[in-house]
file work-v9.cif (mmCIF, N, CA and C atoms)
data_protein
#
loop_
_atom_site.label_atom_id
_atom_site.label_comp_id
_atom_site.auth_asym_id
_atom_site.auth_seq_id
_atom_site.Cartn_x
_atom_site.Cartn_y
_atom_site.Cartn_z
N MET A 1 -69.37 -68.06 -23.79
CA MET A 1 -68.32 -67.70 -24.69
C MET A 1 -67.51 -66.58 -24.09
N ALA A 2 -66.23 -66.70 -24.30
CA ALA A 2 -65.33 -65.71 -23.72
C ALA A 2 -65.38 -64.44 -24.52
N GLU A 3 -65.39 -63.39 -23.73
CA GLU A 3 -65.46 -62.10 -24.37
C GLU A 3 -64.07 -61.68 -24.78
N HIS A 4 -63.92 -61.30 -25.99
CA HIS A 4 -62.62 -60.89 -26.51
C HIS A 4 -62.53 -59.38 -26.42
N HIS A 5 -61.51 -58.92 -25.70
CA HIS A 5 -61.34 -57.48 -25.53
C HIS A 5 -60.37 -56.99 -26.56
N HIS A 6 -60.77 -56.05 -27.31
CA HIS A 6 -59.93 -55.50 -28.38
C HIS A 6 -59.18 -54.29 -27.84
N GLN A 7 -57.81 -54.32 -28.00
CA GLN A 7 -56.99 -53.21 -27.51
C GLN A 7 -56.76 -52.24 -28.66
N GLY A 8 -56.80 -50.96 -28.30
CA GLY A 8 -56.47 -49.92 -29.27
C GLY A 8 -54.97 -49.69 -29.31
N PRO A 9 -54.47 -48.89 -30.24
CA PRO A 9 -53.03 -48.66 -30.34
C PRO A 9 -52.45 -47.98 -29.11
N THR A 10 -53.15 -47.08 -28.46
CA THR A 10 -52.62 -46.41 -27.28
C THR A 10 -52.54 -47.36 -26.10
N ASP A 11 -53.44 -48.29 -26.01
CA ASP A 11 -53.39 -49.28 -24.93
C ASP A 11 -52.18 -50.20 -25.10
N ALA A 12 -51.83 -50.51 -26.31
CA ALA A 12 -50.67 -51.37 -26.57
C ALA A 12 -49.37 -50.66 -26.18
N VAL A 13 -49.29 -49.38 -26.48
CA VAL A 13 -48.08 -48.60 -26.13
C VAL A 13 -47.98 -48.45 -24.62
N LYS A 14 -49.10 -48.21 -23.96
CA LYS A 14 -49.10 -48.02 -22.51
C LYS A 14 -48.67 -49.28 -21.78
N SER A 15 -48.88 -50.42 -22.38
CA SER A 15 -48.49 -51.66 -21.72
C SER A 15 -46.97 -51.81 -21.65
N TYR A 16 -46.25 -51.13 -22.52
CA TYR A 16 -44.79 -51.19 -22.49
C TYR A 16 -44.18 -50.15 -21.56
N LEU A 17 -44.90 -49.14 -21.18
CA LEU A 17 -44.40 -48.09 -20.29
C LEU A 17 -44.47 -48.56 -18.85
N PRO A 18 -43.52 -48.06 -18.02
CA PRO A 18 -43.58 -48.45 -16.60
C PRO A 18 -44.80 -47.84 -15.92
N ASP A 19 -45.17 -48.45 -14.82
CA ASP A 19 -46.36 -47.98 -14.10
C ASP A 19 -46.10 -46.65 -13.39
N ASN A 20 -44.88 -46.50 -12.84
CA ASN A 20 -44.59 -45.25 -12.13
C ASN A 20 -43.90 -44.28 -13.09
N VAL A 21 -44.33 -43.08 -13.08
CA VAL A 21 -43.82 -42.04 -13.97
C VAL A 21 -42.81 -41.21 -13.18
N PRO A 22 -41.64 -40.84 -13.80
CA PRO A 22 -40.66 -40.02 -13.08
C PRO A 22 -41.26 -38.67 -12.68
N SER A 23 -40.76 -38.19 -11.55
CA SER A 23 -41.27 -36.91 -11.07
C SER A 23 -40.68 -35.77 -11.89
N THR A 24 -41.20 -34.58 -11.66
CA THR A 24 -40.73 -33.40 -12.40
C THR A 24 -39.29 -33.09 -12.04
N SER A 25 -38.92 -33.25 -10.77
CA SER A 25 -37.54 -32.95 -10.37
C SER A 25 -36.55 -33.94 -11.00
N GLN A 26 -36.98 -35.20 -11.14
CA GLN A 26 -36.10 -36.17 -11.80
C GLN A 26 -35.96 -35.84 -13.27
N GLY A 27 -37.01 -35.42 -13.90
CA GLY A 27 -36.94 -35.02 -15.31
C GLY A 27 -36.08 -33.80 -15.50
N LEU A 28 -36.19 -32.83 -14.59
CA LEU A 28 -35.37 -31.63 -14.66
C LEU A 28 -33.89 -31.97 -14.44
N ALA A 29 -33.61 -32.89 -13.52
CA ALA A 29 -32.22 -33.30 -13.26
C ALA A 29 -31.62 -33.96 -14.49
N VAL A 30 -32.39 -34.81 -15.15
CA VAL A 30 -31.90 -35.46 -16.37
C VAL A 30 -31.70 -34.42 -17.47
N ALA A 31 -32.62 -33.47 -17.58
CA ALA A 31 -32.51 -32.44 -18.62
C ALA A 31 -31.28 -31.57 -18.41
N ILE A 32 -30.89 -31.34 -17.17
CA ILE A 32 -29.71 -30.51 -16.89
C ILE A 32 -28.43 -31.33 -16.97
N LEU A 33 -28.42 -32.53 -16.41
CA LEU A 33 -27.20 -33.32 -16.31
C LEU A 33 -26.83 -34.01 -17.62
N PHE A 34 -27.77 -34.27 -18.49
CA PHE A 34 -27.44 -34.94 -19.74
C PHE A 34 -26.52 -34.08 -20.61
N PRO A 35 -26.79 -32.79 -20.81
CA PRO A 35 -25.84 -31.99 -21.59
C PRO A 35 -24.48 -31.85 -20.89
N PHE A 36 -24.53 -31.74 -19.57
CA PHE A 36 -23.28 -31.63 -18.81
C PHE A 36 -22.43 -32.89 -18.97
N GLY A 37 -23.06 -34.05 -18.86
CA GLY A 37 -22.35 -35.31 -19.06
C GLY A 37 -21.84 -35.45 -20.48
N SER A 38 -22.61 -34.99 -21.43
CA SER A 38 -22.17 -35.05 -22.83
C SER A 38 -20.95 -34.18 -23.06
N ILE A 39 -20.94 -33.00 -22.46
CA ILE A 39 -19.77 -32.11 -22.58
C ILE A 39 -18.55 -32.76 -21.95
N LEU A 40 -18.69 -33.35 -20.78
CA LEU A 40 -17.55 -34.00 -20.12
C LEU A 40 -17.05 -35.18 -20.93
N LEU A 41 -17.95 -35.96 -21.50
CA LEU A 41 -17.54 -37.08 -22.34
C LEU A 41 -16.80 -36.59 -23.58
N SER A 42 -17.29 -35.52 -24.18
CA SER A 42 -16.60 -34.94 -25.35
C SER A 42 -15.22 -34.44 -24.98
N LEU A 43 -15.10 -33.79 -23.82
CA LEU A 43 -13.79 -33.31 -23.37
C LEU A 43 -12.83 -34.46 -23.12
N SER A 44 -13.32 -35.55 -22.55
CA SER A 44 -12.43 -36.69 -22.28
C SER A 44 -11.94 -37.31 -23.58
N VAL A 45 -12.80 -37.37 -24.59
CA VAL A 45 -12.38 -37.89 -25.90
C VAL A 45 -11.35 -36.95 -26.52
N LEU A 46 -11.57 -35.65 -26.41
CA LEU A 46 -10.63 -34.66 -26.95
C LEU A 46 -9.27 -34.75 -26.25
N ILE A 47 -9.28 -34.92 -24.95
CA ILE A 47 -8.03 -35.02 -24.19
C ILE A 47 -7.30 -36.31 -24.54
N LEU A 48 -8.03 -37.42 -24.68
CA LEU A 48 -7.41 -38.68 -25.07
C LEU A 48 -6.77 -38.56 -26.45
N THR A 49 -7.48 -37.95 -27.39
CA THR A 49 -6.95 -37.78 -28.74
C THR A 49 -5.71 -36.90 -28.75
N SER A 50 -5.75 -35.80 -28.02
CA SER A 50 -4.59 -34.91 -27.98
C SER A 50 -3.41 -35.57 -27.26
N THR A 51 -3.67 -36.38 -26.26
CA THR A 51 -2.59 -37.10 -25.57
C THR A 51 -1.92 -38.09 -26.51
N LEU A 52 -2.72 -38.84 -27.25
CA LEU A 52 -2.14 -39.78 -28.20
C LEU A 52 -1.34 -39.06 -29.28
N PHE A 53 -1.84 -37.92 -29.74
CA PHE A 53 -1.11 -37.13 -30.74
C PHE A 53 0.21 -36.63 -30.17
N CYS A 54 0.20 -36.14 -28.94
CA CYS A 54 1.44 -35.65 -28.30
C CYS A 54 2.45 -36.78 -28.12
N ILE A 55 1.97 -37.95 -27.77
CA ILE A 55 2.89 -39.09 -27.62
C ILE A 55 3.49 -39.45 -28.97
N ALA A 56 2.64 -39.44 -30.01
CA ALA A 56 3.14 -39.77 -31.35
C ALA A 56 4.17 -38.76 -31.84
N VAL A 57 4.00 -37.50 -31.49
CA VAL A 57 4.95 -36.46 -31.92
C VAL A 57 6.20 -36.47 -31.05
N SER A 58 6.05 -36.67 -29.75
CA SER A 58 7.19 -36.54 -28.85
C SER A 58 8.07 -37.78 -28.78
N ALA A 59 7.56 -38.95 -29.13
CA ALA A 59 8.37 -40.17 -29.06
C ALA A 59 9.59 -40.09 -29.97
N PRO A 60 9.44 -39.71 -31.23
CA PRO A 60 10.65 -39.58 -32.05
C PRO A 60 11.58 -38.47 -31.56
N LEU A 61 11.01 -37.39 -31.07
CA LEU A 61 11.85 -36.31 -30.54
C LEU A 61 12.62 -36.78 -29.31
N PHE A 62 11.96 -37.56 -28.47
CA PHE A 62 12.64 -38.09 -27.29
C PHE A 62 13.78 -39.01 -27.69
N LEU A 63 13.55 -39.87 -28.69
CA LEU A 63 14.62 -40.75 -29.15
C LEU A 63 15.76 -39.95 -29.78
N LEU A 64 15.42 -38.88 -30.49
CA LEU A 64 16.45 -38.07 -31.14
C LEU A 64 17.28 -37.31 -30.11
N PHE A 65 16.63 -36.76 -29.07
CA PHE A 65 17.33 -35.93 -28.09
C PHE A 65 17.67 -36.69 -26.81
N SER A 66 17.51 -38.00 -26.77
CA SER A 66 17.80 -38.75 -25.55
C SER A 66 19.26 -38.66 -25.11
N PRO A 67 20.25 -38.52 -26.01
CA PRO A 67 21.62 -38.33 -25.52
C PRO A 67 21.79 -37.04 -24.73
N ILE A 68 20.90 -36.09 -24.90
CA ILE A 68 20.96 -34.84 -24.14
C ILE A 68 20.02 -34.90 -22.94
N ILE A 69 18.85 -35.48 -23.15
CA ILE A 69 17.83 -35.47 -22.10
C ILE A 69 18.22 -36.36 -20.93
N VAL A 70 18.73 -37.55 -21.20
CA VAL A 70 19.05 -38.49 -20.12
C VAL A 70 20.12 -37.93 -19.17
N PRO A 71 21.26 -37.41 -19.68
CA PRO A 71 22.22 -36.80 -18.75
C PRO A 71 21.66 -35.58 -18.03
N ALA A 72 20.80 -34.82 -18.71
CA ALA A 72 20.20 -33.65 -18.05
C ALA A 72 19.30 -34.09 -16.91
N VAL A 73 18.53 -35.14 -17.11
CA VAL A 73 17.65 -35.65 -16.04
C VAL A 73 18.49 -36.20 -14.89
N ILE A 74 19.57 -36.91 -15.22
CA ILE A 74 20.45 -37.43 -14.16
C ILE A 74 21.07 -36.29 -13.38
N THR A 75 21.54 -35.25 -14.08
CA THR A 75 22.14 -34.09 -13.41
C THR A 75 21.11 -33.39 -12.53
N LEU A 76 19.92 -33.22 -13.06
CA LEU A 76 18.87 -32.57 -12.28
C LEU A 76 18.51 -33.40 -11.04
N ALA A 77 18.43 -34.72 -11.20
CA ALA A 77 18.12 -35.59 -10.05
C ALA A 77 19.21 -35.51 -9.00
N LEU A 78 20.48 -35.51 -9.43
CA LEU A 78 21.58 -35.39 -8.47
C LEU A 78 21.57 -34.04 -7.77
N ALA A 79 21.23 -32.98 -8.51
CA ALA A 79 21.15 -31.66 -7.88
C ALA A 79 20.06 -31.63 -6.82
N VAL A 80 18.91 -32.21 -7.13
CA VAL A 80 17.81 -32.25 -6.16
C VAL A 80 18.21 -33.06 -4.93
N VAL A 81 18.85 -34.20 -5.16
CA VAL A 81 19.30 -35.03 -4.04
C VAL A 81 20.33 -34.26 -3.20
N GLY A 82 21.23 -33.52 -3.87
CA GLY A 82 22.22 -32.73 -3.14
C GLY A 82 21.58 -31.66 -2.28
N PHE A 83 20.61 -30.93 -2.84
CA PHE A 83 19.93 -29.90 -2.06
C PHE A 83 19.17 -30.50 -0.88
N LEU A 84 18.48 -31.62 -1.11
CA LEU A 84 17.76 -32.26 -0.02
C LEU A 84 18.72 -32.76 1.06
N THR A 85 19.85 -33.34 0.64
CA THR A 85 20.84 -33.82 1.61
C THR A 85 21.42 -32.68 2.42
N SER A 86 21.74 -31.58 1.75
CA SER A 86 22.30 -30.44 2.49
C SER A 86 21.27 -29.89 3.47
N GLY A 87 20.00 -29.90 3.07
CA GLY A 87 18.96 -29.46 4.00
C GLY A 87 18.84 -30.36 5.21
N VAL A 88 18.93 -31.67 4.97
CA VAL A 88 18.86 -32.62 6.09
C VAL A 88 20.05 -32.44 7.01
N PHE A 89 21.26 -32.26 6.44
CA PHE A 89 22.44 -32.04 7.27
C PHE A 89 22.32 -30.73 8.05
N GLY A 90 21.76 -29.70 7.42
CA GLY A 90 21.58 -28.43 8.11
C GLY A 90 20.62 -28.56 9.28
N ILE A 91 19.51 -29.25 9.06
CA ILE A 91 18.54 -29.46 10.14
C ILE A 91 19.16 -30.29 11.26
N THR A 92 19.97 -31.29 10.88
CA THR A 92 20.64 -32.11 11.90
C THR A 92 21.60 -31.27 12.71
N ALA A 93 22.37 -30.41 12.03
CA ALA A 93 23.32 -29.55 12.74
C ALA A 93 22.60 -28.59 13.68
N LEU A 94 21.50 -28.00 13.21
CA LEU A 94 20.76 -27.08 14.07
C LEU A 94 20.16 -27.79 15.28
N SER A 95 19.61 -28.98 15.05
CA SER A 95 19.04 -29.70 16.20
C SER A 95 20.12 -30.14 17.17
N SER A 96 21.30 -30.52 16.67
CA SER A 96 22.42 -30.89 17.55
C SER A 96 22.87 -29.68 18.36
N PHE A 97 22.98 -28.53 17.68
CA PHE A 97 23.39 -27.31 18.38
C PHE A 97 22.38 -26.94 19.46
N MET A 98 21.09 -27.06 19.14
CA MET A 98 20.07 -26.74 20.14
C MET A 98 20.11 -27.73 21.31
N TRP A 99 20.42 -29.00 21.04
CA TRP A 99 20.54 -29.97 22.12
C TRP A 99 21.71 -29.59 23.03
N ILE A 100 22.83 -29.18 22.43
CA ILE A 100 24.00 -28.80 23.23
C ILE A 100 23.68 -27.57 24.07
N VAL A 101 23.02 -26.57 23.48
CA VAL A 101 22.66 -25.36 24.23
C VAL A 101 21.74 -25.71 25.39
N THR A 102 20.76 -26.55 25.15
CA THR A 102 19.84 -26.97 26.21
C THR A 102 20.58 -27.74 27.30
N TYR A 103 21.50 -28.61 26.90
CA TYR A 103 22.28 -29.38 27.87
C TYR A 103 23.09 -28.45 28.76
N PHE A 104 23.78 -27.45 28.14
CA PHE A 104 24.59 -26.54 28.95
C PHE A 104 23.74 -25.63 29.83
N ARG A 105 22.55 -25.28 29.37
CA ARG A 105 21.67 -24.48 30.22
C ARG A 105 21.24 -25.28 31.45
N LYS A 106 20.97 -26.56 31.27
CA LYS A 106 20.61 -27.40 32.42
C LYS A 106 21.80 -27.59 33.34
N MET A 107 22.98 -27.75 32.75
CA MET A 107 24.18 -27.99 33.55
C MET A 107 24.63 -26.72 34.28
N ARG A 108 24.31 -25.53 33.75
CA ARG A 108 24.77 -24.29 34.36
C ARG A 108 24.24 -24.14 35.78
N ALA A 109 23.09 -24.69 36.05
CA ALA A 109 22.53 -24.61 37.40
C ALA A 109 23.37 -25.39 38.39
N SER A 110 24.02 -26.46 37.96
CA SER A 110 24.81 -27.27 38.88
C SER A 110 26.31 -27.00 38.75
N TRP A 111 26.72 -25.98 37.99
CA TRP A 111 28.15 -25.69 37.82
C TRP A 111 28.86 -25.31 39.12
N PRO A 112 28.30 -24.45 39.98
CA PRO A 112 29.04 -24.11 41.20
C PRO A 112 29.39 -25.34 42.04
N GLU A 113 28.46 -26.28 42.13
CA GLU A 113 28.74 -27.50 42.89
C GLU A 113 29.84 -28.31 42.23
N GLN A 114 29.80 -28.42 40.91
CA GLN A 114 30.81 -29.18 40.19
C GLN A 114 32.19 -28.52 40.30
N PHE A 115 32.22 -27.17 40.23
CA PHE A 115 33.51 -26.48 40.38
C PHE A 115 34.07 -26.67 41.79
N GLU A 116 33.19 -26.66 42.78
CA GLU A 116 33.65 -26.88 44.17
C GLU A 116 34.19 -28.29 44.33
N GLN A 117 33.52 -29.29 43.75
CA GLN A 117 34.01 -30.66 43.81
C GLN A 117 35.35 -30.80 43.09
N ALA A 118 35.46 -30.16 41.94
CA ALA A 118 36.72 -30.22 41.19
C ALA A 118 37.84 -29.54 41.97
N ARG A 119 37.56 -28.39 42.62
CA ARG A 119 38.58 -27.70 43.41
C ARG A 119 39.04 -28.57 44.58
N ARG A 120 38.08 -29.26 45.23
CA ARG A 120 38.45 -30.16 46.32
C ARG A 120 39.30 -31.32 45.83
N ARG A 121 38.94 -31.90 44.68
CA ARG A 121 39.73 -33.01 44.13
C ARG A 121 41.15 -32.56 43.79
N VAL A 122 41.25 -31.38 43.18
CA VAL A 122 42.59 -30.86 42.85
C VAL A 122 43.37 -30.61 44.12
N GLY A 123 42.71 -30.05 45.13
CA GLY A 123 43.39 -29.82 46.42
C GLY A 123 43.83 -31.11 47.07
N ASP A 124 42.95 -32.13 47.04
CA ASP A 124 43.31 -33.43 47.61
C ASP A 124 44.48 -34.05 46.86
N ALA A 125 44.43 -33.95 45.51
CA ALA A 125 45.52 -34.51 44.71
C ALA A 125 46.82 -33.77 45.00
N ALA A 126 46.73 -32.43 45.13
CA ALA A 126 47.95 -31.66 45.41
C ALA A 126 48.52 -32.02 46.77
N SER A 127 47.68 -32.18 47.78
CA SER A 127 48.20 -32.55 49.11
C SER A 127 48.77 -33.95 49.09
N HIS A 128 48.15 -34.87 48.31
CA HIS A 128 48.67 -36.23 48.19
C HIS A 128 50.05 -36.21 47.52
N VAL A 129 50.15 -35.42 46.43
CA VAL A 129 51.45 -35.32 45.74
C VAL A 129 52.49 -34.69 46.67
N GLY A 130 52.06 -33.66 47.43
CA GLY A 130 52.99 -33.04 48.39
C GLY A 130 53.45 -34.02 49.45
N GLN A 131 52.55 -34.83 49.95
CA GLN A 131 52.90 -35.85 50.94
C GLN A 131 53.89 -36.84 50.35
N ASN A 132 53.63 -37.30 49.11
CA ASN A 132 54.56 -38.22 48.46
C ASN A 132 55.93 -37.59 48.25
N VAL A 133 55.95 -36.33 47.88
CA VAL A 133 57.24 -35.64 47.68
C VAL A 133 57.99 -35.55 49.00
N ARG A 134 57.31 -35.26 50.10
CA ARG A 134 57.97 -35.20 51.42
C ARG A 134 58.54 -36.56 51.80
N GLU A 135 57.73 -37.62 51.55
CA GLU A 135 58.21 -38.96 51.90
C GLU A 135 59.43 -39.34 51.07
N VAL A 136 59.41 -39.02 49.77
CA VAL A 136 60.57 -39.33 48.91
C VAL A 136 61.77 -38.51 49.36
N GLY A 137 61.51 -37.25 49.75
CA GLY A 137 62.62 -36.41 50.23
C GLY A 137 63.23 -36.94 51.52
N GLN A 138 62.38 -37.40 52.43
CA GLN A 138 62.89 -37.95 53.69
C GLN A 138 63.67 -39.23 53.44
N LYS A 139 63.18 -40.08 52.50
CA LYS A 139 63.92 -41.29 52.18
C LYS A 139 65.26 -40.96 51.54
N ALA A 140 65.24 -39.93 50.69
CA ALA A 140 66.50 -39.54 50.04
C ALA A 140 67.49 -39.01 51.10
N GLN A 141 67.03 -38.24 52.07
CA GLN A 141 67.93 -37.73 53.12
C GLN A 141 68.43 -38.87 53.98
N ALA A 142 67.54 -39.83 54.26
CA ALA A 142 67.94 -40.95 55.10
C ALA A 142 68.99 -41.79 54.39
N THR A 143 68.83 -41.97 53.08
CA THR A 143 69.83 -42.75 52.34
C THR A 143 71.13 -41.95 52.20
N ALA A 144 71.03 -40.65 52.07
CA ALA A 144 72.24 -39.84 51.91
C ALA A 144 73.05 -39.81 53.21
N TRP A 145 72.42 -39.85 54.33
CA TRP A 145 73.12 -39.79 55.61
C TRP A 145 73.60 -41.17 56.03
N SER A 146 73.16 -42.18 55.42
CA SER A 146 73.63 -43.46 55.87
C SER A 146 74.87 -43.94 55.20
#
call {"tool": "encode", "arguments": {"input": "work-v9.cif", "output": "C-alpha cells"}}
result
Amino acid sequence: MAEHHHQGPTDAVKSYLPDNVPSTSQGLAVAILFPFGSILLSLSVLILTSTLFCIAVSAPLFLLFSPIIVPAVITLALAVVGFLTSGVFGITALSSFMWIVTYFRKMRASWPEQFEQARRRVGDAASHVGQNVREVGQKAQATAWS
C-alpha cells in the first residue's frame, strides 16, 4: 500500500516559493530603488497633469491673442534670419579679405620680377611705336617731296 504523505501548511506555502532566495544586496537594492521609482512615477504623473492643465488654459488664450502672436513670431523669425544672414556675410567678407591679403603677400615676393618685365614690355612698346612714327614720318616726307 502506498504511503500517503501529509503536508503541513508551511510545506504547502514553501512549494509556491522559488528555490533560490534573493541575496541581501538585491533586497537592499529593491528597498532603496522602490521608493525612488515611486517618487519618479509620481513626478511624471504630476508633470503630465500640469502640462494638460497648461494646454487647456493656454489654448483659448492663444486663439484670442493669435492676431498679435503670429505677426510677432514672424517678425522675430525674420529678425533672427537677418542677424544670421548678416553674420554669414560678415564672415564671408572677412575670409575674402584674408584671402586677398594672403594672395598679395605671396605675390609681393615676385613683384620686382613682374615690375622688371612690365618695364621691359613698356620699353619695347615705346620703341615699336617710335619706329612706326619714324616710318610714317619718312613716308610723309617722301610723299611731300614727290
call {"tool": "axis_aligned_box", "arguments": {"input": "work-v9.cif", "around": "stretch 110-125 of chain A", "padding_each_side": "3 Å", "output": "lines of an AutoDock Vina configuration file"}}
result
center_x = 35.4
center_y = -29.3
center_z = 42.7
size_x = 28.8
size_y = 16.4
size_z = 15.8
call {"tool": "atom_distance", "arguments": {"input": "work-v9.cif", "atom1": "atom CA of A:Gln26", "atom2": "atom CA of A:Ser38"}}
result
17.8 Å
call {"tool": "atom_distance", "arguments": {"input": "work-v9.cif", "atom1": "atom N of A:Val57", "atom2": "atom CA of A:Ile69"}}
result
16.8 Å
call {"tool": "atom_distance", "arguments": {"input": "work-v9.cif", "atom1": "atom CA of A:Gly123", "atom2": "atom N of A:Trp111"}}
result
19.1 Å
call {"tool": "decode", "arguments": {"input": "work-v9.cif", "residues": "stretch 47-72 of chain A", "atoms": "N, CA and C atoms", "output": "PDB file, in the first residue's frame"}}
result
ATOM      1  N   ILE A  47       3.649  66.053 -13.616  1.00  0.00           N
ATOM      2  CA  ILE A  47       4.058  66.858 -14.769  1.00  0.00           C
ATOM      3  C   ILE A  47       3.071  66.683 -15.914  1.00  0.00           C
ATOM      4  N   LEU A  48       2.602  65.454 -16.155  1.00  0.00           N
ATOM      5  CA  LEU A  48       1.605  65.230 -17.196  1.00  0.00           C
ATOM      6  C   LEU A  48       0.323  65.994 -16.895  1.00  0.00           C
ATOM      7  N   THR A  49      -0.126  65.947 -15.649  1.00  0.00           N
ATOM      8  CA  THR A  49      -1.348  66.657 -15.261  1.00  0.00           C
ATOM      9  C   THR A  49      -1.189  68.163 -15.422  1.00  0.00           C
ATOM     10  N   SER A  50      -0.057  68.701 -14.983  1.00  0.00           N
ATOM     11  CA  SER A  50       0.152  70.145 -15.111  1.00  0.00           C
ATOM     12  C   SER A  50       0.307  70.558 -16.574  1.00  0.00           C
ATOM     13  N   THR A  51       0.888  69.713 -17.397  1.00  0.00           N
ATOM     14  CA  THR A  51       1.007  70.020 -18.822  1.00  0.00           C
ATOM     15  C   THR A  51      -0.362  70.071 -19.483  1.00  0.00           C
ATOM     16  N   LEU A  52      -1.201  69.098 -19.177  1.00  0.00           N
ATOM     17  CA  LEU A  52      -2.552  69.109 -19.733  1.00  0.00           C
ATOM     18  C   LEU A  52      -3.340  70.329 -19.258  1.00  0.00           C
ATOM     19  N   PHE A  53      -3.171  70.703 -17.993  1.00  0.00           N
ATOM     20  CA  PHE A  53      -3.841  71.895 -17.468  1.00  0.00           C
ATOM     21  C   PHE A  53      -3.351  73.150 -18.190  1.00  0.00           C
ATOM     22  N   CYS A  54      -2.046  73.263 -18.389  1.00  0.00           N
ATOM     23  CA  CYS A  54      -1.487  74.440 -19.091  1.00  0.00           C
ATOM     24  C   CYS A  54      -1.980  74.505 -20.531  1.00  0.00           C
ATOM     25  N   ILE A  55      -2.089  73.369 -21.182  1.00  0.00           N
ATOM     26  CA  ILE A  55      -2.609  73.367 -22.556  1.00  0.00           C
ATOM     27  C   ILE A  55      -4.058  73.804 -22.569  1.00  0.00           C
ATOM     28  N   ALA A  56      -4.835  73.310 -21.589  1.00  0.00           N
ATOM     29  CA  ALA A  56      -6.251  73.681 -21.527  1.00  0.00           C
ATOM     30  C   ALA A  56      -6.427  75.172 -21.259  1.00  0.00           C
ATOM     31  N   VAL A  57      -5.547  75.766 -20.469  1.00  0.00           N
ATOM     32  CA  VAL A  57      -5.649  77.196 -20.163  1.00  0.00           C
ATOM     33  C   VAL A  57      -5.092  78.040 -21.305  1.00  0.00           C
ATOM     34  N   SER A  58      -4.004  77.609 -21.915  1.00  0.00           N
ATOM     35  CA  SER A  58      -3.341  78.452 -22.909  1.00  0.00           C
ATOM     36  C   SER A  58      -3.966  78.371 -24.302  1.00  0.00           C
ATOM     37  N   ALA A  59      -4.688  77.308 -24.617  1.00  0.00           N
ATOM     38  CA  ALA A  59      -5.286  77.191 -25.952  1.00  0.00           C
ATOM     39  C   ALA A  59      -6.275  78.317 -26.236  1.00  0.00           C
ATOM     40  N   PRO A  60      -7.197  78.618 -25.335  1.00  0.00           N
ATOM     41  CA  PRO A  60      -8.083  79.757 -25.616  1.00  0.00           C
ATOM     42  C   PRO A  60      -7.331  81.091 -25.654  1.00  0.00           C
ATOM     43  N   LEU A  61      -6.331  81.228 -24.801  1.00  0.00           N
ATOM     44  CA  LEU A  61      -5.544  82.469 -24.829  1.00  0.00           C
ATOM     45  C   LEU A  61      -4.788  82.607 -26.142  1.00  0.00           C
ATOM     46  N   PHE A  62      -4.259  81.492 -26.632  1.00  0.00           N
ATOM     47  CA  PHE A  62      -3.560  81.533 -27.912  1.00  0.00           C
ATOM     48  C   PHE A  62      -4.508  81.920 -29.036  1.00  0.00           C
ATOM     49  N   LEU A  63      -5.720  81.351 -29.032  1.00  0.00           N
ATOM     50  CA  LEU A  63      -6.698  81.717 -30.062  1.00  0.00           C
ATOM     51  C   LEU A  63      -7.104  83.181 -29.941  1.00  0.00           C
ATOM     52  N   LEU A  64      -7.218  83.670 -28.714  1.00  0.00           N
ATOM     53  CA  LEU A  64      -7.619  85.060 -28.503  1.00  0.00           C
ATOM     54  C   LEU A  64      -6.525  86.028 -28.949  1.00  0.00           C
ATOM     55  N   PHE A  65      -5.262  85.705 -28.652  1.00  0.00           N
ATOM     56  CA  PHE A  65      -4.156  86.616 -28.953  1.00  0.00           C
ATOM     57  C   PHE A  65      -3.400  86.238 -30.225  1.00  0.00           C
ATOM     58  N   SER A  66      -3.900  85.306 -31.020  1.00  0.00           N
ATOM     59  CA  SER A  66      -3.190  84.894 -32.228  1.00  0.00           C
ATOM     60  C   SER A  66      -3.011  86.029 -33.240  1.00  0.00           C
ATOM     61  N   PRO A  67      -3.926  87.011 -33.348  1.00  0.00           N
ATOM     62  CA  PRO A  67      -3.640  88.127 -34.264  1.00  0.00           C
ATOM     63  C   PRO A  67      -2.412  88.937 -33.854  1.00  0.00           C
ATOM     64  N   ILE A  68      -2.011  88.839 -32.607  1.00  0.00           N
ATOM     65  CA  ILE A  68      -0.811  89.543 -32.145  1.00  0.00           C
ATOM     66  C   ILE A  68       0.390  88.603 -32.147  1.00  0.00           C
ATOM     67  N   ILE A  69       0.159  87.367 -31.727  1.00  0.00           N
ATOM     68  CA  ILE A  69       1.271  86.428 -31.565  1.00  0.00           C
ATOM     69  C   ILE A  69       1.866  86.019 -32.911  1.00  0.00           C
ATOM     70  N   VAL A  70       1.025  85.734 -33.897  1.00  0.00           N
ATOM     71  CA  VAL A  70       1.526  85.252 -35.191  1.00  0.00           C
ATOM     72  C   VAL A  70       2.419  86.293 -35.873  1.00  0.00           C
ATOM     73  N   PRO A  71       1.995  87.573 -35.991  1.00  0.00           N
ATOM     74  CA  PRO A  71       2.919  88.557 -36.579  1.00  0.00           C
ATOM     75  C   PRO A  71       4.173  88.765 -35.736  1.00  0.00           C
ATOM     76  N   ALA A  72       4.045  88.653 -34.418  1.00  0.00           N
ATOM     77  CA  ALA A  72       5.230  88.805 -33.568  1.00  0.00           C
ATOM     78  C   ALA A  72       6.217  87.668 -33.814  1.00  0.00           C
TER      79      ALA A  72
END
